[in-house]
>>> print(open('data-v9.txt').read())   # compact mmCIF, C-alpha atoms
# COMPACT_ATOMS: atom_id res chain seq x y z
CA MET Y 976 9.82 -24.08 -18.11
CA ASN Y 977 9.07 -23.58 -14.43
CA ALA Y 978 7.63 -20.49 -12.80
CA VAL Y 979 9.22 -19.55 -9.50
CA LYS Y 980 7.06 -20.51 -6.55
CA ASN Y 981 5.57 -17.34 -5.13
CA ASN Y 982 4.62 -17.19 -1.45
CA ASN Y 983 3.04 -13.74 -1.71
CA ILE Y 984 -0.58 -13.73 -2.84
CA SER Y 985 -2.67 -10.64 -3.58
CA ILE Y 986 -6.41 -11.33 -3.48
CA ILE Y 987 -8.58 -9.11 -5.68
CA GLY Y 988 -12.37 -9.37 -5.57
CA VAL Y 989 -14.41 -8.34 -8.61
CA PRO Y 990 -18.14 -8.31 -7.75
CA LEU Y 991 -19.23 -7.94 -11.38
CA GLN Y 992 -22.45 -9.59 -12.52
CA TYR Y 993 -23.22 -7.68 -15.72
CA GLY Y 994 -21.51 -10.16 -18.03
CA ALA Y 995 -24.10 -12.80 -17.15
CA ASP Y 996 -27.90 -13.09 -17.19
CA ARG Y 997 -28.63 -14.12 -13.60
CA LYS Y 998 -28.16 -11.97 -10.53
CA GLY Y 999 -26.10 -13.04 -7.53
CA VAL Y 1000 -22.63 -13.72 -8.92
CA ASP Y 1001 -21.55 -10.31 -7.59
CA LEU Y 1002 -21.75 -11.93 -4.14
CA GLY Y 1003 -19.19 -14.55 -5.16
CA PRO Y 1004 -16.00 -12.90 -3.86
CA ASP Y 1005 -17.39 -12.50 -0.34
CA ALA Y 1006 -18.79 -16.05 -0.36
CA ILE Y 1007 -15.37 -17.44 -1.31
CA ARG Y 1008 -13.64 -15.38 1.37
CA GLY Y 1009 -16.27 -16.49 3.87
CA ALA Y 1010 -15.47 -20.16 3.19
CA ASN Y 1011 -12.16 -19.72 5.07
CA LEU Y 1012 -10.01 -18.78 2.09
CA HIS Y 1013 -7.49 -16.73 4.10
CA GLU Y 1014 -7.07 -19.32 6.80
CA ARG Y 1015 -6.53 -22.07 4.24
CA LEU Y 1016 -3.83 -20.19 2.39
CA LYS Y 1017 -2.09 -19.02 5.54
CA ALA Y 1018 -2.00 -22.61 6.83
CA LEU Y 1019 -0.11 -23.51 3.65
CA GLY Y 1020 2.52 -20.88 4.45
CA PHE Y 1021 1.45 -18.08 2.12
CA ASN Y 1022 1.56 -14.38 2.87
CA ILE Y 1023 -1.85 -12.94 2.03
CA GLU Y 1024 -2.72 -9.38 1.11
CA ASP Y 1025 -6.42 -8.93 0.45
CA LEU Y 1026 -6.98 -5.78 -1.59
CA GLY Y 1027 -10.75 -5.93 -1.17
CA ASP Y 1028 -13.19 -5.54 -4.05
CA LEU Y 1029 -13.07 -3.33 -7.10
CA SER Y 1030 -15.87 -0.79 -7.28
CA VAL Y 1031 -18.78 -1.82 -9.50
CA GLN Y 1032 -21.91 0.24 -10.19
CA ARG Y 1033 -24.80 -1.39 -8.39
CA LYS Y 1034 -27.65 -0.34 -10.68
CA LEU Y 1035 -27.50 -0.08 -14.45
CA GLU Y 1036 -30.25 0.44 -16.99
CA ALA Y 1037 -31.67 -2.78 -18.39
CA PRO Y 1038 -30.16 -3.71 -21.76
CA ARG Y 1039 -32.25 -3.17 -24.87
CA GLN Y 1040 -33.98 -6.12 -26.48
CA GLY Y 1041 -31.57 -8.03 -28.69
CA GLU Y 1042 -28.55 -5.98 -27.59
CA LYS Y 1043 -25.35 -7.70 -28.75
CA LEU Y 1044 -23.10 -6.41 -25.95
CA LYS Y 1045 -25.02 -6.02 -22.72
CA HIS Y 1046 -23.58 -3.50 -20.21
CA LEU Y 1047 -20.50 -2.98 -22.36
CA SER Y 1048 -19.31 0.32 -20.86
CA GLU Y 1049 -19.34 -0.84 -17.21
CA ILE Y 1050 -17.70 -4.15 -18.07
CA VAL Y 1051 -14.95 -2.30 -19.97
CA ARG Y 1052 -14.47 0.15 -17.09
CA VAL Y 1053 -14.21 -2.55 -14.41
CA ASN Y 1054 -11.91 -4.74 -16.49
CA THR Y 1055 -9.65 -1.79 -17.30
CA GLU Y 1056 -9.27 -1.15 -13.56
CA LEU Y 1057 -8.71 -4.84 -12.92
CA ALA Y 1058 -5.97 -5.02 -15.56
CA LYS Y 1059 -4.21 -2.08 -13.89
CA GLN Y 1060 -4.44 -3.64 -10.43
CA VAL Y 1061 -3.28 -7.08 -11.56
CA SER Y 1062 -0.36 -5.51 -13.40
CA ALA Y 1063 0.56 -3.38 -10.36
CA GLU Y 1064 0.55 -6.42 -8.04
CA MET Y 1065 2.66 -8.47 -10.42
CA GLY Y 1066 5.05 -5.53 -10.62
CA LYS Y 1067 5.50 -5.85 -6.85
CA GLY Y 1068 6.30 -9.56 -7.20
CA GLN Y 1069 2.88 -10.73 -6.01
CA PHE Y 1070 0.81 -13.67 -7.27
CA PRO Y 1071 -2.63 -12.25 -8.24
CA LEU Y 1072 -5.56 -14.42 -7.15
CA VAL Y 1073 -8.76 -12.91 -8.57
CA LEU Y 1074 -12.21 -13.83 -7.25
CA GLY Y 1075 -15.30 -13.35 -9.40
CA GLY Y 1076 -17.84 -12.27 -10.37
CA ASP Y 1077 -18.75 -13.52 -13.80
CA HIS Y 1078 -16.23 -14.79 -16.33
CA SER Y 1079 -16.03 -11.48 -18.21
CA ILE Y 1080 -13.47 -10.47 -15.57
CA ALA Y 1081 -10.96 -12.81 -17.20
CA ILE Y 1082 -10.36 -10.06 -19.76
CA GLY Y 1083 -8.99 -7.70 -17.11
CA THR Y 1084 -7.07 -10.39 -15.25
CA ILE Y 1085 -5.33 -11.79 -18.33
CA LYS Y 1086 -4.64 -8.37 -19.85
CA GLY Y 1087 -3.00 -7.35 -16.57
CA VAL Y 1088 -0.83 -10.48 -16.49
CA LEU Y 1089 0.17 -9.90 -20.13
CA GLN Y 1090 1.82 -6.62 -19.10
CA HIS Y 1091 4.48 -8.76 -17.37
CA VAL Y 1092 4.31 -12.18 -19.08
CA LYS Y 1093 4.52 -11.51 -22.80
CA ARG Y 1094 4.07 -15.15 -23.87
CA LEU Y 1095 1.37 -16.45 -21.54
CA GLY Y 1096 -0.18 -19.91 -21.48
CA VAL Y 1097 -3.78 -20.21 -20.29
CA ILE Y 1098 -5.71 -23.17 -18.91
CA TRP Y 1099 -9.44 -22.42 -19.15
CA PHE Y 1100 -11.54 -24.77 -16.99
CA ASP Y 1101 -15.14 -24.28 -18.08
CA ALA Y 1102 -18.28 -26.00 -19.31
CA HIS Y 1103 -18.28 -23.32 -22.01
CA THR Y 1104 -15.56 -22.08 -24.34
CA ASP Y 1105 -16.38 -18.33 -24.11
CA VAL Y 1106 -15.18 -17.53 -27.63
CA ASN Y 1107 -18.33 -15.85 -28.91
CA THR Y 1108 -18.09 -12.32 -30.25
CA HIS Y 1109 -20.75 -9.65 -30.76
CA GLU Y 1110 -21.21 -11.18 -34.22
CA THR Y 1111 -21.88 -14.76 -33.06
CA THR Y 1112 -23.52 -14.34 -29.65
CA HIS Y 1113 -27.13 -15.35 -29.14
CA SER Y 1114 -27.45 -13.90 -25.64
CA GLY Y 1115 -25.37 -10.70 -25.74
CA ASN Y 1116 -23.75 -11.77 -22.46
CA ILE Y 1117 -20.10 -10.74 -22.41
CA HIS Y 1118 -19.03 -13.54 -20.04
CA GLY Y 1119 -19.35 -15.75 -23.12
CA MET Y 1120 -16.91 -13.56 -25.07
CA SER Y 1121 -14.00 -13.20 -22.65
CA LEU Y 1122 -11.61 -15.76 -24.12
CA ALA Y 1123 -12.19 -14.45 -27.64
CA ALA Y 1124 -11.41 -10.92 -26.44
CA VAL Y 1125 -8.05 -11.82 -24.90
CA LEU Y 1126 -7.18 -13.69 -28.09
CA GLY Y 1127 -7.76 -10.41 -29.96
CA TYR Y 1128 -11.22 -11.04 -31.42
CA GLY Y 1129 -14.48 -9.23 -30.82
CA HIS Y 1130 -15.56 -5.67 -30.10
CA PRO Y 1131 -12.58 -3.25 -30.05
CA ASP Y 1132 -13.61 -1.88 -26.64
CA LEU Y 1133 -13.14 -5.37 -25.16
CA VAL Y 1134 -10.04 -6.29 -27.15
CA GLY Y 1135 -8.50 -2.90 -26.34
CA ILE Y 1136 -8.56 -3.36 -22.55
CA GLY Y 1137 -4.92 -3.20 -21.44
CA GLY Y 1138 -3.80 -2.52 -25.02
CA MET Y 1139 -4.86 -3.90 -28.40
CA GLU Y 1140 -1.47 -5.51 -28.96
CA THR Y 1141 -1.43 -7.54 -25.72
CA THR Y 1142 -3.17 -10.76 -26.66
CA LEU Y 1143 -2.84 -14.49 -26.20
CA ARG Y 1144 -1.70 -16.85 -28.94
CA PRO Y 1145 -4.20 -19.62 -29.76
CA GLU Y 1146 -1.50 -22.29 -29.60
CA ASN Y 1147 -0.83 -21.37 -25.94
CA VAL Y 1148 -4.45 -21.87 -24.78
CA VAL Y 1149 -6.28 -25.03 -23.72
CA ILE Y 1150 -9.90 -25.43 -22.64
CA ILE Y 1151 -10.76 -28.27 -20.26
CA GLY Y 1152 -14.22 -29.61 -19.38
CA ALA Y 1153 -16.18 -28.11 -22.28
CA ARG Y 1154 -19.60 -29.60 -22.96
CA SER Y 1155 -21.71 -26.65 -24.19
CA ILE Y 1156 -20.31 -25.05 -27.35
CA ASP Y 1157 -22.26 -22.74 -29.68
CA PRO Y 1158 -22.02 -23.25 -33.48
CA GLY Y 1159 -20.11 -19.99 -33.97
CA GLU Y 1160 -17.69 -20.98 -31.22
CA ARG Y 1161 -17.11 -24.39 -32.76
CA ALA Y 1162 -16.10 -22.78 -36.05
CA PHE Y 1163 -13.83 -20.27 -34.24
CA LEU Y 1164 -12.04 -22.96 -32.24
CA LYS Y 1165 -11.38 -25.07 -35.33
CA GLU Y 1166 -10.21 -22.10 -37.36
CA LYS Y 1167 -7.78 -20.92 -34.66
CA GLY Y 1168 -6.61 -24.41 -33.76
CA ILE Y 1169 -7.34 -24.07 -30.04
CA ARG Y 1170 -7.05 -27.37 -28.18
CA VAL Y 1171 -10.29 -28.25 -26.40
CA PHE Y 1172 -10.47 -31.19 -24.01
CA THR Y 1173 -14.17 -31.96 -23.79
CA MET Y 1174 -15.80 -34.11 -21.14
CA HIS Y 1175 -15.63 -36.92 -23.72
CA ASP Y 1176 -11.83 -36.63 -23.70
CA ILE Y 1177 -11.76 -36.73 -19.89
CA ASP Y 1178 -14.07 -39.76 -19.85
CA ARG Y 1179 -12.04 -41.58 -22.50
CA ASN Y 1180 -8.47 -40.77 -21.39
CA GLY Y 1181 -8.74 -39.77 -17.73
CA MET Y 1182 -7.78 -36.50 -16.09
CA LYS Y 1183 -4.10 -37.44 -15.73
CA GLN Y 1184 -3.52 -37.78 -19.48
CA VAL Y 1185 -5.63 -34.72 -20.26
CA MET Y 1186 -3.72 -32.56 -17.78
CA GLU Y 1187 -0.32 -33.82 -18.89
CA GLU Y 1188 -1.12 -32.99 -22.50
CA ALA Y 1189 -2.66 -29.65 -21.54
CA MET Y 1190 0.35 -28.63 -19.46
CA GLU Y 1191 2.72 -29.51 -22.31
CA ILE Y 1192 0.75 -27.21 -24.62
CA VAL Y 1193 0.56 -24.22 -22.27
CA THR Y 1194 4.23 -24.41 -21.26
CA ASN Y 1195 5.57 -24.83 -24.81
CA GLY Y 1196 7.53 -21.63 -25.43
CA THR Y 1197 5.67 -19.63 -22.79
CA ASP Y 1198 6.95 -17.62 -19.82
CA GLY Y 1199 4.21 -18.56 -17.34
CA VAL Y 1200 0.69 -19.97 -17.12
CA HIS Y 1201 -2.61 -18.45 -15.97
CA LEU Y 1202 -5.45 -20.56 -14.57
CA SER Y 1203 -8.98 -19.35 -15.34
CA LEU Y 1204 -11.45 -21.59 -13.53
CA ASP Y 1205 -15.21 -21.28 -13.90
CA LEU Y 1206 -16.97 -23.33 -11.22
CA ASP Y 1207 -19.49 -24.55 -13.79
CA GLY Y 1208 -16.70 -26.75 -15.15
CA MET Y 1209 -17.61 -29.04 -12.28
CA ASP Y 1210 -20.78 -31.08 -12.36
CA PRO Y 1211 -23.80 -29.16 -10.97
CA PHE Y 1212 -24.14 -31.81 -8.24
CA GLU Y 1213 -20.69 -30.74 -6.97
CA ALA Y 1214 -21.13 -27.02 -7.67
CA PRO Y 1215 -24.82 -26.07 -7.80
CA GLY Y 1216 -24.29 -22.34 -7.23
CA VAL Y 1217 -23.40 -21.26 -10.77
CA GLY Y 1218 -25.36 -19.20 -13.27
CA THR Y 1219 -25.12 -21.51 -16.28
CA PRO Y 1220 -24.95 -25.11 -15.00
CA VAL Y 1221 -24.47 -27.90 -17.53
CA SER Y 1222 -24.93 -31.52 -16.45
CA GLY Y 1223 -22.21 -34.09 -16.93
CA GLY Y 1224 -19.26 -32.06 -15.65
CA MET Y 1225 -16.05 -32.85 -13.83
CA SER Y 1226 -16.30 -34.68 -10.54
CA TYR Y 1227 -15.00 -33.34 -7.26
CA ARG Y 1228 -11.97 -35.64 -7.35
CA GLU Y 1229 -11.20 -35.02 -11.03
CA SER Y 1230 -11.18 -31.29 -10.37
CA HIS Y 1231 -8.93 -31.62 -7.34
CA PHE Y 1232 -6.57 -33.96 -9.13
CA ALA Y 1233 -6.20 -31.43 -11.94
CA MET Y 1234 -5.32 -28.73 -9.41
CA GLU Y 1235 -2.85 -31.01 -7.65
CA LEU Y 1236 -1.08 -31.73 -10.94
CA LEU Y 1237 -0.84 -27.99 -11.62
CA PHE Y 1238 0.80 -27.46 -8.25
CA GLU Y 1239 3.28 -30.28 -8.89
CA ARG Y 1240 4.36 -28.70 -12.19
CA ASN Y 1241 4.71 -25.29 -10.47
CA ILE Y 1242 3.87 -23.32 -13.61
CA LEU Y 1243 1.21 -20.84 -12.49
CA VAL Y 1244 1.90 -17.10 -12.26
CA SER Y 1245 -1.74 -16.06 -11.70
CA ALA Y 1246 -5.22 -17.52 -11.21
CA GLU Y 1247 -8.88 -16.62 -11.03
CA PHE Y 1248 -11.93 -18.45 -9.75
CA VAL Y 1249 -15.25 -17.19 -11.10
CA GLU Y 1250 -19.02 -17.66 -11.39
CA VAL Y 1251 -19.78 -18.61 -7.77
CA ASN Y 1252 -23.39 -17.49 -7.28
CA PRO Y 1253 -24.49 -17.73 -3.62
CA MET Y 1254 -28.12 -16.96 -4.56
CA LEU Y 1255 -28.24 -20.26 -6.45
CA ASP Y 1256 -26.02 -22.24 -4.07
CA GLN Y 1257 -26.94 -24.93 -1.55
CA HIS Y 1258 -25.44 -24.45 1.93
CA ASN Y 1259 -22.47 -22.53 0.44
CA LYS Y 1260 -21.37 -25.75 -1.29
CA THR Y 1261 -19.96 -24.04 -4.40
CA ALA Y 1262 -18.00 -21.40 -2.50
CA MET Y 1263 -16.50 -24.11 -0.33
CA ALA Y 1264 -15.62 -26.13 -3.44
CA ALA Y 1265 -13.86 -23.05 -4.84
CA VAL Y 1266 -11.78 -22.67 -1.69
CA GLU Y 1267 -10.93 -26.37 -1.66
CA LEU Y 1268 -9.78 -26.17 -5.28
CA ILE Y 1269 -7.71 -23.10 -4.45
CA GLY Y 1270 -6.18 -25.05 -1.57
CA SER Y 1271 -5.22 -27.87 -3.95
CA VAL Y 1272 -3.70 -25.56 -6.55
CA PHE Y 1273 -1.54 -24.01 -3.82
CA GLY Y 1274 -0.33 -27.33 -2.45
CA GLU Y 1275 -2.88 -28.70 -0.01
CA ARG Y 1276 -2.81 -32.50 0.11
CA ILE Y 1277 -4.73 -35.30 1.80
CA LEU Y 1278 -1.57 -36.57 3.55
>>> encode(input="data-v9.txt", output="C-alpha cells")
Amino acid sequence: MNAVKNNNISIIGVPLQYGADRKGVDLGPDAIRGANLHERLKALGFNIEDLGDLSVQRKLEAPRQGEKLKHLSEIVRVNTELAKQVSAEMGKGQFPLVLGGDHSIAIGTIKGVLQHVKRLGVIWFDAHTDVNTHETTHSGNIHGMSLAAVLGYGHPDLVGIGGMETTLRPENVVIIGARSIDPGERAFLKEKGIRVFTMHDIDRNGMKQVMEEAMEIVTNGTDGVHLSLDLDGMDPFEAPGVGTPVSGGMSYRESHFAMELLFERNILVSAEFVEVNPMLDQHNKTAMAAVELIGSVFGERIL
C-alpha cells in the first residue's frame, strides 16, 4: 500500500496547553513556524497554506483537586473544531500538518483524518504511551489519554469527538520510543495487543529494523498512515523544551533516520508535531529540531 505523494500542505496550529500540567506549550505552533518551517517546506517543492491557529480560551478556572479530567470541556471543544478543519482540508485534497500544543490535540487530528481514511494506521513517536483513561490516570491530564480516546476507550466526551464509531484498530497502531509507561497503561497495551517499540528495542535492534517492522504493521490492510510525533520521544539533550522530559530517548540521528524511512515508504496522509514548549527550551533548540524532523519526513536529505 502506498499513499499518493501530496504536494499541497495545510498547516494548522493548535495552541492548546490544557491537556498538560506545565504552561508554555501553547506557544509551540508559533515557535515551530518561527524556526523557518515555511521556507523549509517550500524549498522542498511543497505548496503551503497556513490556516493560522485555532481559537483557544486563554484563561480557564483551575481544576479541582484530584479532578480526573482536567479542562475537559475546552479540550473537547478545541478538538471538535480541529477534527472539522482536518476533515475539511483532506476533503480538498490537502495534507494536514498539525502543530501543537499538547498531545491531547491528537484526538482531533486523528478523528478528522478518520472521516476520509476509514482504516488508518498510526505511528506514535513518544516517551509515553498516552493510553490512560479517566479510570487509570494519576494526573488527570488529558494529553496522557489521547491514544486511548482515538482507540475508543475513555470518557465518552473524548471518544465521541468526530463520532463514536470512528476509531482506530489496535492492530494498526505502533508506539515507538516509549520509556515511561504507567501500570494501567501497561495492562491496557497488553490486553489490546498494541505493538510498543521501547527504547530497549531500539537499542537492541536498531532504528532500521524497528521502523521496518513498524511500517509493516501500520500498512497491513490500511488505507493510509498518520504520524503523531511528540518531541519528548527524543532525548532531553536533543529536545529540552518539552513538558514531560524522560531521559534516555532517541538520538537526533535516530529520529531523523526514522523520518527519512517514512518518506521513502511514502505512506503518510497526515502528521502532527506536538509538545514543543518554548518556555522550557534552550535557544529554540526543540522548535528547530521539530522543523528539521518535518523536513526529513517530507524528503529533505543530507545530499
>>> residues_around(input="data-v9.txt", residues="Y:Asp1005", least_positions_apart="6", cutoff="9 Å", atoms="all atoms listed in the file", output="JSON, numbers by chain")
{"Y": [988, 990, 1028, 1074]}
>>> atom_distance(input="data-v9.txt", atom1="atom CA of Y:Val1061", atom2="atom CA of Y:Pro1004")
16.0 Å
>>> closest_atom_pairs(input="data-v9.txt", of="stretch 1032-1117 of chain Y", to="stretch 1007-1014 of chain Y", cutoff="12 Å", atoms="all atoms listed in the file", output="CSV")
residue,atom,partner,partner_atom,distance
Y:Leu1072,CA,Y:Leu1012,CA,11.1
Y:Val1073,CA,Y:Ile1007,CA,10.8
Y:Leu1074,CA,Y:Ile1007,CA,7.6
Y:Gly1075,CA,Y:Ile1007,CA,9.1
Y:Gly1076,CA,Y:Ile1007,CA,10.7
>>> closest_residue(input="data-v9.txt", among="Y:Met1182, Y:Ala1153, Y:Ala1123, Y:Val1217", to="Y:Asn1252", atoms="only C-alpha atoms")
Y:Val1217
>>> closest_residue(input="data-v9.txt", among="Y:Ala1058, Y:Val1051, Y:Val1000, Y:Ala1189", to="Y:Pro1131", atoms="only C-alpha atoms")
Y:Val1051
>>> residues_around(input="data-v9.txt", residues="Y:His1046", least_positions_apart="4", cutoff="10 Å", atoms="only C-alpha atoms", output="VMD selection string")
chain Y and resid 992 to 995 1035 to 1039 1042 1050 to 1051 1115 to 1117
>>> build_atoms(input="data-v9.txt", residues="stretch 1121-1157 of chain Y", atoms="N, CA and C atoms", output="short mmCIF file (atom, residue, chain, number, x, y, z; two decimals), keeping the file's coordinate frame")
data_model
loop_
_atom_site.label_atom_id
_atom_site.label_comp_id
_atom_site.auth_asym_id
_atom_site.auth_seq_id
_atom_site.Cartn_x
_atom_site.Cartn_y
_atom_site.Cartn_z
N SER Y 1121 -15.25 -13.65 -23.29
CA SER Y 1121 -14.00 -13.20 -22.65
C SER Y 1121 -12.76 -13.84 -23.24
N LEU Y 1122 -12.80 -15.13 -23.56
CA LEU Y 1122 -11.61 -15.76 -24.12
C LEU Y 1122 -11.33 -15.24 -25.52
N ALA Y 1123 -12.38 -15.03 -26.30
CA ALA Y 1123 -12.19 -14.45 -27.64
C ALA Y 1123 -11.52 -13.08 -27.54
N ALA Y 1124 -11.95 -12.28 -26.57
CA ALA Y 1124 -11.41 -10.92 -26.44
C ALA Y 1124 -9.92 -10.93 -26.14
N VAL Y 1125 -9.47 -11.81 -25.24
CA VAL Y 1125 -8.05 -11.82 -24.90
C VAL Y 1125 -7.20 -12.49 -25.98
N LEU Y 1126 -7.87 -13.17 -26.91
CA LEU Y 1126 -7.18 -13.69 -28.09
C LEU Y 1126 -7.11 -12.64 -29.21
N GLY Y 1127 -7.81 -11.51 -28.99
CA GLY Y 1127 -7.76 -10.41 -29.96
C GLY Y 1127 -8.95 -10.33 -30.89
N TYR Y 1128 -10.06 -11.00 -30.54
CA TYR Y 1128 -11.22 -11.04 -31.42
C TYR Y 1128 -12.46 -10.53 -30.69
N GLY Y 1129 -13.27 -9.77 -31.42
CA GLY Y 1129 -14.48 -9.23 -30.82
C GLY Y 1129 -14.52 -7.72 -30.90
N HIS Y 1130 -15.38 -7.12 -30.09
CA HIS Y 1130 -15.56 -5.67 -30.10
C HIS Y 1130 -14.26 -4.98 -29.67
N PRO Y 1131 -13.85 -3.92 -30.38
CA PRO Y 1131 -12.58 -3.25 -30.05
C PRO Y 1131 -12.51 -2.71 -28.62
N ASP Y 1132 -13.64 -2.36 -28.03
CA ASP Y 1132 -13.61 -1.88 -26.64
C ASP Y 1132 -13.19 -2.99 -25.68
N LEU Y 1133 -13.55 -4.24 -25.99
CA LEU Y 1133 -13.14 -5.37 -25.16
C LEU Y 1133 -11.70 -5.78 -25.47
N VAL Y 1134 -11.39 -5.89 -26.75
CA VAL Y 1134 -10.04 -6.29 -27.15
C VAL Y 1134 -9.01 -5.25 -26.69
N GLY Y 1135 -9.43 -3.99 -26.66
CA GLY Y 1135 -8.50 -2.90 -26.34
C GLY Y 1135 -8.17 -2.74 -24.87
N ILE Y 1136 -8.87 -3.44 -23.99
CA ILE Y 1136 -8.56 -3.36 -22.55
C ILE Y 1136 -7.11 -3.76 -22.33
N GLY Y 1137 -6.33 -2.89 -21.69
CA GLY Y 1137 -4.92 -3.20 -21.44
C GLY Y 1137 -4.04 -3.15 -22.68
N GLY Y 1138 -4.59 -2.66 -23.80
CA GLY Y 1138 -3.80 -2.52 -25.02
C GLY Y 1138 -4.19 -3.54 -26.08
N MET Y 1139 -4.44 -3.04 -27.29
CA MET Y 1139 -4.86 -3.90 -28.40
C MET Y 1139 -3.82 -4.96 -28.74
N GLU Y 1140 -2.55 -4.61 -28.53
CA GLU Y 1140 -1.47 -5.51 -28.96
C GLU Y 1140 -1.18 -6.62 -27.97
N THR Y 1141 -1.70 -6.51 -26.73
CA THR Y 1141 -1.43 -7.54 -25.72
C THR Y 1141 -2.52 -8.61 -25.80
N THR Y 1142 -2.20 -9.68 -26.49
CA THR Y 1142 -3.17 -10.76 -26.66
C THR Y 1142 -2.50 -12.12 -26.49
N LEU Y 1143 -3.33 -13.12 -26.27
CA LEU Y 1143 -2.84 -14.49 -26.20
C LEU Y 1143 -2.67 -15.07 -27.60
N ARG Y 1144 -1.83 -16.10 -27.70
CA ARG Y 1144 -1.70 -16.85 -28.94
C ARG Y 1144 -2.55 -18.11 -28.82
N PRO Y 1145 -3.31 -18.45 -29.85
CA PRO Y 1145 -4.20 -19.62 -29.76
C PRO Y 1145 -3.47 -20.91 -29.40
N GLU Y 1146 -2.24 -21.05 -29.86
CA GLU Y 1146 -1.50 -22.29 -29.60
C GLU Y 1146 -1.06 -22.42 -28.15
N ASN Y 1147 -1.22 -21.35 -27.35
CA ASN Y 1147 -0.83 -21.37 -25.94
C ASN Y 1147 -2.03 -21.52 -25.00
N VAL Y 1148 -3.21 -21.81 -25.56
CA VAL Y 1148 -4.45 -21.87 -24.78
C VAL Y 1148 -5.05 -23.28 -24.86
N VAL Y 1149 -5.50 -23.80 -23.72
CA VAL Y 1149 -6.28 -25.03 -23.72
C VAL Y 1149 -7.55 -24.81 -22.91
N ILE Y 1150 -8.62 -25.46 -23.35
CA ILE Y 1150 -9.90 -25.43 -22.64
C ILE Y 1150 -10.17 -26.84 -22.13
N ILE Y 1151 -10.54 -26.96 -20.87
CA ILE Y 1151 -10.76 -28.27 -20.26
C ILE Y 1151 -12.16 -28.33 -19.64
N GLY Y 1152 -12.90 -29.40 -19.97
CA GLY Y 1152 -14.22 -29.61 -19.38
C GLY Y 1152 -15.38 -29.13 -20.21
N ALA Y 1153 -15.11 -28.69 -21.45
CA ALA Y 1153 -16.18 -28.11 -22.28
C ALA Y 1153 -17.24 -29.16 -22.62
N ARG Y 1154 -18.50 -28.72 -22.57
CA ARG Y 1154 -19.60 -29.60 -22.96
C ARG Y 1154 -20.80 -28.80 -23.47
N SER Y 1155 -20.65 -27.49 -23.62
CA SER Y 1155 -21.71 -26.65 -24.19
C SER Y 1155 -21.05 -25.61 -25.09
N ILE Y 1156 -21.03 -25.89 -26.40
CA ILE Y 1156 -20.31 -25.05 -27.35
C ILE Y 1156 -21.28 -24.59 -28.44
N ASP Y 1157 -21.38 -23.28 -28.66
CA ASP Y 1157 -22.26 -22.74 -29.68
C ASP Y 1157 -21.67 -22.98 -31.07
#
